[in-house]
$ cat protein_6.pdb   # PDB, C-alpha atoms, pLDDT in the B column
ATOM      1  CA  MET E   1     173.071 144.194 135.780  1.00 49.00           C
ATOM      2  CA  THR E   2     171.233 146.695 137.986  1.00 55.00           C
ATOM      3  CA  SER E   3     171.452 146.849 141.713  1.00 55.00           C
ATOM      4  CA  THR E   4     168.264 146.298 143.702  1.00 55.00           C
ATOM      5  CA  GLU E   5     169.590 148.136 146.734  1.00 56.00           C
ATOM      6  CA  SER E   6     168.209 151.554 147.559  1.00 56.00           C
ATOM      7  CA  THR E   7     170.443 154.555 146.987  1.00 60.00           C
ATOM      8  CA  THR E   8     168.952 156.455 149.910  1.00 58.00           C
ATOM      9  CA  PRO E   9     171.213 156.713 152.946  1.00 59.00           C
ATOM     10  CA  LYS E  10     170.355 154.498 155.907  1.00 62.00           C
ATOM     11  CA  LEU E  11     169.584 156.204 159.207  1.00 58.00           C
ATOM     12  CA  ARG E  12     171.945 155.239 161.983  1.00 68.00           C
ATOM     13  CA  GLU E  13     170.881 155.012 165.607  1.00 70.00           C
ATOM     14  CA  ASP E  14     172.936 158.118 166.479  1.00 78.00           C
ATOM     15  CA  ASP E  15     171.616 160.204 163.582  1.00 82.00           C
ATOM     16  CA  PRO E  16     170.470 163.612 164.949  1.00 85.00           C
ATOM     17  CA  VAL E  17     167.394 163.671 162.692  1.00 83.00           C
ATOM     18  CA  LYS E  18     166.261 160.258 163.922  1.00 83.00           C
ATOM     19  CA  ILE E  19     166.867 161.228 167.541  1.00 86.00           C
ATOM     20  CA  LEU E  20     164.922 164.478 167.103  1.00 85.00           C
ATOM     21  CA  PHE E  21     162.028 162.703 165.377  1.00 84.00           C
ATOM     22  CA  ASP E  22     161.907 160.013 168.063  1.00 84.00           C
ATOM     23  CA  MET E  23     161.830 162.570 170.869  1.00 87.00           C
ATOM     24  CA  ALA E  24     159.223 164.730 169.123  1.00 86.00           C
ATOM     25  CA  SER E  25     157.021 161.751 168.302  1.00 86.00           C
ATOM     26  CA  TYR E  26     157.194 160.361 171.833  1.00 86.00           C
ATOM     27  CA  TRP E  27     156.301 163.708 173.405  1.00 87.00           C
ATOM     28  CA  ALA E  28     153.541 164.357 170.873  1.00 87.00           C
ATOM     29  CA  THR E  29     152.106 160.916 171.615  1.00 86.00           C
ATOM     30  CA  ILE E  30     152.244 161.481 175.365  1.00 86.00           C
ATOM     31  CA  TRP E  31     150.573 164.888 175.184  1.00 87.00           C
ATOM     32  CA  SER E  32     147.928 163.692 172.744  1.00 86.00           C
ATOM     33  CA  PHE E  33     147.131 160.801 175.088  1.00 86.00           C
ATOM     34  CA  ILE E  34     146.838 163.206 178.022  1.00 88.00           C
ATOM     35  CA  ALA E  35     144.565 165.466 175.962  1.00 88.00           C
ATOM     36  CA  LEU E  36     142.427 162.472 174.992  1.00 87.00           C
ATOM     37  CA  CYS E  37     142.144 161.460 178.668  1.00 86.00           C
ATOM     38  CA  LEU E  38     141.140 164.979 179.672  1.00 87.00           C
ATOM     39  CA  TRP E  39     138.546 165.185 176.917  1.00 89.00           C
ATOM     40  CA  LEU E  40     137.013 161.798 177.777  1.00 88.00           C
ATOM     41  CA  GLU E  41     136.901 162.621 181.486  1.00 86.00           C
ATOM     42  CA  HIS E  42     135.343 166.003 180.732  1.00 84.00           C
ATOM     43  CA  GLU E  43     132.635 164.304 178.663  1.00 87.00           C
ATOM     44  CA  VAL E  44     131.950 161.831 181.480  1.00 86.00           C
ATOM     45  CA  LEU E  45     131.717 164.662 184.017  1.00 83.00           C
ATOM     46  CA  LYS E  46     129.290 166.529 181.751  1.00 84.00           C
ATOM     47  CA  ARG E  47     127.078 163.451 181.519  1.00 86.00           C
ATOM     48  CA  LEU E  48     127.159 163.068 185.300  1.00 85.00           C
ATOM     49  CA  ASP E  49     125.868 166.656 185.588  1.00 81.00           C
ATOM     50  CA  ILE E  50     128.590 167.831 187.952  1.00 76.00           C
ATOM     51  CA  GLU E  51     127.993 171.590 187.926  1.00 74.00           C
ATOM     52  CA  SER E  52     130.763 172.930 190.135  1.00 75.00           C
ATOM     53  CA  GLY E  53     133.853 173.995 188.198  1.00 79.00           C
ATOM     54  CA  ASN E  54     136.103 173.458 191.215  1.00 84.00           C
ATOM     55  CA  VAL E  55     134.925 169.872 191.643  1.00 82.00           C
ATOM     56  CA  ARG E  56     135.486 169.169 187.916  1.00 82.00           C
ATOM     57  CA  VAL E  57     139.008 170.602 188.000  1.00 84.00           C
ATOM     58  CA  THR E  58     139.853 168.647 191.142  1.00 86.00           C
ATOM     59  CA  ILE E  59     138.587 165.384 189.656  1.00 85.00           C
ATOM     60  CA  LEU E  60     140.488 166.014 186.414  1.00 83.00           C
ATOM     61  CA  LEU E  61     143.714 166.890 188.249  1.00 85.00           C
ATOM     62  CA  VAL E  62     143.559 163.691 190.287  1.00 88.00           C
ATOM     63  CA  SER E  63     142.206 161.193 187.784  1.00 86.00           C
ATOM     64  CA  THR E  64     144.183 162.159 184.649  1.00 85.00           C
ATOM     65  CA  PRO E  65     147.640 161.401 186.106  1.00 87.00           C
ATOM     66  CA  ALA E  66     146.277 158.212 187.685  1.00 89.00           C
ATOM     67  CA  ILE E  67     144.823 156.999 184.379  1.00 87.00           C
ATOM     68  CA  PHE E  68     147.990 157.989 182.533  1.00 85.00           C
ATOM     69  CA  LEU E  69     150.301 156.145 184.948  1.00 88.00           C
ATOM     70  CA  ALA E  70     148.083 153.052 185.017  1.00 89.00           C
ATOM     71  CA  THR E  71     147.996 152.946 181.233  1.00 86.00           C
ATOM     72  CA  VAL E  72     151.749 153.448 180.873  1.00 86.00           C
ATOM     73  CA  THR E  73     152.519 150.598 183.281  1.00 88.00           C
ATOM     74  CA  ARG E  74     150.144 148.279 181.399  1.00 89.00           C
ATOM     75  CA  ILE E  75     151.683 149.251 178.046  1.00 86.00           C
ATOM     76  CA  GLN E  76     155.196 148.559 179.338  1.00 87.00           C
ATOM     77  CA  LYS E  77     154.173 145.041 180.385  1.00 90.00           C
ATOM     78  CA  SER E  78     152.654 144.095 177.028  1.00 89.00           C
ATOM     79  CA  PRO E  79     154.912 143.663 173.961  1.00 89.00           C
ATOM     80  CA  LYS E  80     151.904 143.905 171.642  1.00 92.00           C
ATOM     81  CA  ALA E  81     150.863 147.218 173.205  1.00 87.00           C
ATOM     82  CA  LEU E  82     154.425 148.514 172.821  1.00 87.00           C
ATOM     83  CA  LEU E  83     154.337 147.627 169.126  1.00 89.00           C
ATOM     84  CA  ILE E  84     151.012 149.411 168.705  1.00 88.00           C
ATOM     85  CA  LEU E  85     152.400 152.456 170.510  1.00 85.00           C
ATOM     86  CA  GLU E  86     155.488 152.477 168.255  1.00 84.00           C
ATOM     87  CA  ARG E  87     153.241 152.548 165.204  1.00 86.00           C
ATOM     88  CA  ALA E  88     150.763 155.012 166.683  1.00 86.00           C
ATOM     89  CA  ARG E  89     153.412 157.658 167.245  1.00 85.00           C
ATOM     90  CA  TYR E  90     153.872 158.009 163.478  1.00 85.00           C
ATOM     91  CA  VAL E  91     150.138 158.565 163.096  1.00 87.00           C
ATOM     92  CA  VAL E  92     150.247 161.161 165.887  1.00 85.00           C
ATOM     93  CA  VAL E  93     153.011 163.061 164.089  1.00 85.00           C
ATOM     94  CA  LEU E  94     151.053 162.972 160.814  1.00 87.00           C
ATOM     95  CA  VAL E  95     147.881 164.205 162.515  1.00 87.00           C
ATOM     96  CA  ALA E  96     149.792 166.972 164.303  1.00 85.00           C
ATOM     97  CA  ALA E  97     151.385 168.049 161.012  1.00 86.00           C
ATOM     98  CA  ALA E  98     147.993 168.070 159.275  1.00 88.00           C
ATOM     99  CA  LEU E  99     146.409 170.117 162.068  1.00 87.00           C
ATOM    100  CA  LEU E 100     149.303 172.564 162.064  1.00 86.00           C
ATOM    101  CA  GLY E 101     149.088 172.907 158.286  1.00 86.00           C
ATOM    102  CA  ALA E 102     145.329 173.498 158.430  1.00 87.00           C
ATOM    103  CA  TYR E 103     145.771 176.091 161.171  1.00 85.00           C
ATOM    104  CA  LEU E 104     148.507 177.926 159.279  1.00 81.00           C
ATOM    105  CA  HIS E 105     146.492 177.829 156.059  1.00 78.00           C
ATOM    106  CA  ALA E 106     143.390 179.219 157.782  1.00 79.00           C
ATOM    107  CA  ASN E 107     145.295 182.014 159.520  1.00 76.00           C
ATOM    108  CA  HIS E 108     147.669 182.971 156.721  1.00 72.00           C
ATOM    109  CA  LYS E 109     147.414 186.647 155.845  1.00 69.00           C
ATOM    110  CA  ASP E 110     149.254 187.469 152.653  1.00 70.00           C
ATOM    111  CA  GLY E 111     149.980 191.194 152.778  1.00 70.00           C
ATOM    112  CA  SER E 112     152.641 191.162 150.097  1.00 70.00           C
ATOM    113  CA  TYR E 113     152.915 193.742 147.349  1.00 73.00           C
ATOM    114  CA  GLU E 114     152.311 191.088 144.684  1.00 71.00           C
ATOM    115  CA  ASN E 115     149.086 189.991 146.361  1.00 73.00           C
ATOM    116  CA  ALA E 116     147.831 193.576 146.582  1.00 76.00           C
ATOM    117  CA  LEU E 117     148.767 194.121 142.933  1.00 75.00           C
ATOM    118  CA  ARG E 118     146.928 190.951 141.890  1.00 76.00           C
ATOM    119  CA  ASP E 119     143.822 191.962 143.870  1.00 78.00           C
ATOM    120  CA  GLY E 120     143.879 195.415 142.312  1.00 80.00           C
ATOM    121  CA  ALA E 121     144.177 193.933 138.832  1.00 80.00           C
ATOM    122  CA  VAL E 122     141.244 191.596 139.459  1.00 81.00           C
ATOM    123  CA  LEU E 123     139.083 194.475 140.725  1.00 83.00           C
ATOM    124  CA  ALA E 124     140.046 196.703 137.808  1.00 82.00           C
ATOM    125  CA  CYS E 125     139.412 193.955 135.279  1.00 82.00           C
ATOM    126  CA  ALA E 126     135.994 193.257 136.784  1.00 81.00           C
ATOM    127  CA  LYS E 127     134.993 196.893 136.100  1.00 82.00           C
ATOM    128  CA  ILE E 128     136.087 196.848 132.443  1.00 84.00           C
ATOM    129  CA  ALA E 129     133.689 194.774 130.332  1.00 82.00           C
ATOM    130  CA  ALA E 130     136.180 193.864 127.581  1.00 82.00           C
ATOM    131  CA  CYS E 131     138.788 192.777 130.120  1.00 82.00           C
ATOM    132  CA  LYS E 132     136.240 190.716 131.995  1.00 79.00           C
ATOM    133  CA  GLU E 133     135.113 188.928 128.801  1.00 81.00           C
ATOM    134  CA  SER E 134     138.699 188.249 127.772  1.00 81.00           C
ATOM    135  CA  ALA E 135     139.472 186.828 131.212  1.00 79.00           C
ATOM    136  CA  ILE E 136     136.401 184.570 131.074  1.00 79.00           C
ATOM    137  CA  GLN E 137     137.333 183.313 127.585  1.00 81.00           C
ATOM    138  CA  TYR E 138     140.903 182.688 128.699  1.00 77.00           C
ATOM    139  CA  ALA E 139     139.710 180.797 131.786  1.00 77.00           C
ATOM    140  CA  ASN E 140     137.311 178.681 129.704  1.00 81.00           C
ATOM    141  CA  THR E 141     140.030 177.677 127.235  1.00 81.00           C
ATOM    142  CA  ARG E 142     142.515 176.530 129.910  1.00 66.00           C
TER     143      ARG E 142
END
$ encode --input "protein_6.pdb" --output "structure tokens"
Amino acid sequence: MTSTESTTPKLREDDPVKILFDMASYWATIWSFIALCLWLEHEVLKRLDIESGNVRVTILLVSTPAIFLATVTRIQKSPKALLILERARYVVVLVAAALLGAYLHANHKDGSYENALRDGAVLACAKIAACKESAIQYANTR
């Protein structure tokens, strides 16, 4: 008879990985919410045609903390909002990981010897007709 229980270890409440993930996800959620508030307020100020940069900065510095604190107190009072926040922090971590991966992929510069060797081989093969035809045939058969 086979066991239906999972063989993966269960995370305890005092597990350092769980504690680190919880802290990182909470802080990422807080900062993403602050960034969202700033972006929305900036868009509203643009639509109101407020030209002065000093006035915009002043409004943002006053209203963003006020909106953040008002939202946090409302979330703490509502169990449903707390549940949504608990679930949203996982999405925030996934989005942050995807954005970081996209950024690293876009800015990755491979200056290794193997990469230079591969580039040189591709350039040399492109100049030799027989090599180029063989490479095309090989690529078409794969």
$ residues_around --input "protein_6.pdb" --residues "Ser25 (chain E)" --least-positions-apart "4" --cutoff "10 Å" --atoms "only C-alpha atoms" --output "PyMOL selection string"
chain E and resi 19-21+29-31+86+88-94+96
$ residues_near_point --input "protein_6.pdb" --point "(146.5, 157.7, 182.5)" --cutoff "10 Å" --atoms "all atoms listed in the file" --output "PyMOL selection string"
chain E and resi 30+33-34+36-38+63-73
$ write_last_selection --input "protein_6.pdb" --atoms "C-alpha atoms" --output "compact mmCIF listing (two decimals), in the frame of the given file"
# COMPACT_ATOMS: atom_id res chain seq x y z
CA ILE E 30 152.24 161.48 175.36
CA PHE E 33 147.13 160.80 175.09
CA ILE E 34 146.84 163.21 178.02
CA LEU E 36 142.43 162.47 174.99
CA CYS E 37 142.14 161.46 178.67
CA LEU E 38 141.14 164.98 179.67
CA SER E 63 142.21 161.19 187.78
CA THR E 64 144.18 162.16 184.65
CA PRO E 65 147.64 161.40 186.11
CA ALA E 66 146.28 158.21 187.68
CA ILE E 67 144.82 157.00 184.38
CA PHE E 68 147.99 157.99 182.53
CA LEU E 69 150.30 156.15 184.95
CA ALA E 70 148.08 153.05 185.02
CA THR E 71 148.00 152.95 181.23
CA VAL E 72 151.75 153.45 180.87
CA THR E 73 152.52 150.60 183.28
$ axis_aligned_box --input "protein_6.pdb" --around "region 32-44 of chain E" --padding-each-side "5 Å" --output "JSON"
{"center_x": 139.9, "center_y": 163.4, "center_z": 177.1, "size_x": 26.0, "size_y": 15.2, "size_z": 18.7}
$ atom_distance --input "protein_6.pdb" --atom1 "CA of Gln76 (chain E)" --atom2 "CA of Tyr26 (chain E)"
14.1 Å
$ closest_residue --input "protein_6.pdb" --among "E:Met23, E:Ala130, E:Cys125, E:Leu60" --to "Leu40 (chain E)" --atoms "only C-alpha atoms"
E:Leu60
$ atom_distance --input "protein_6.pdb" --atom1 "CA of Ser32 (chain E)" --atom2 "CA of Ala97 (chain E)"
13.0 Å
$ atom_distance --input "protein_6.pdb" --atom1 "CA of Gly101 (chain E)" --atom2 "CA of Arg118 (chain E)"
24.5 Å
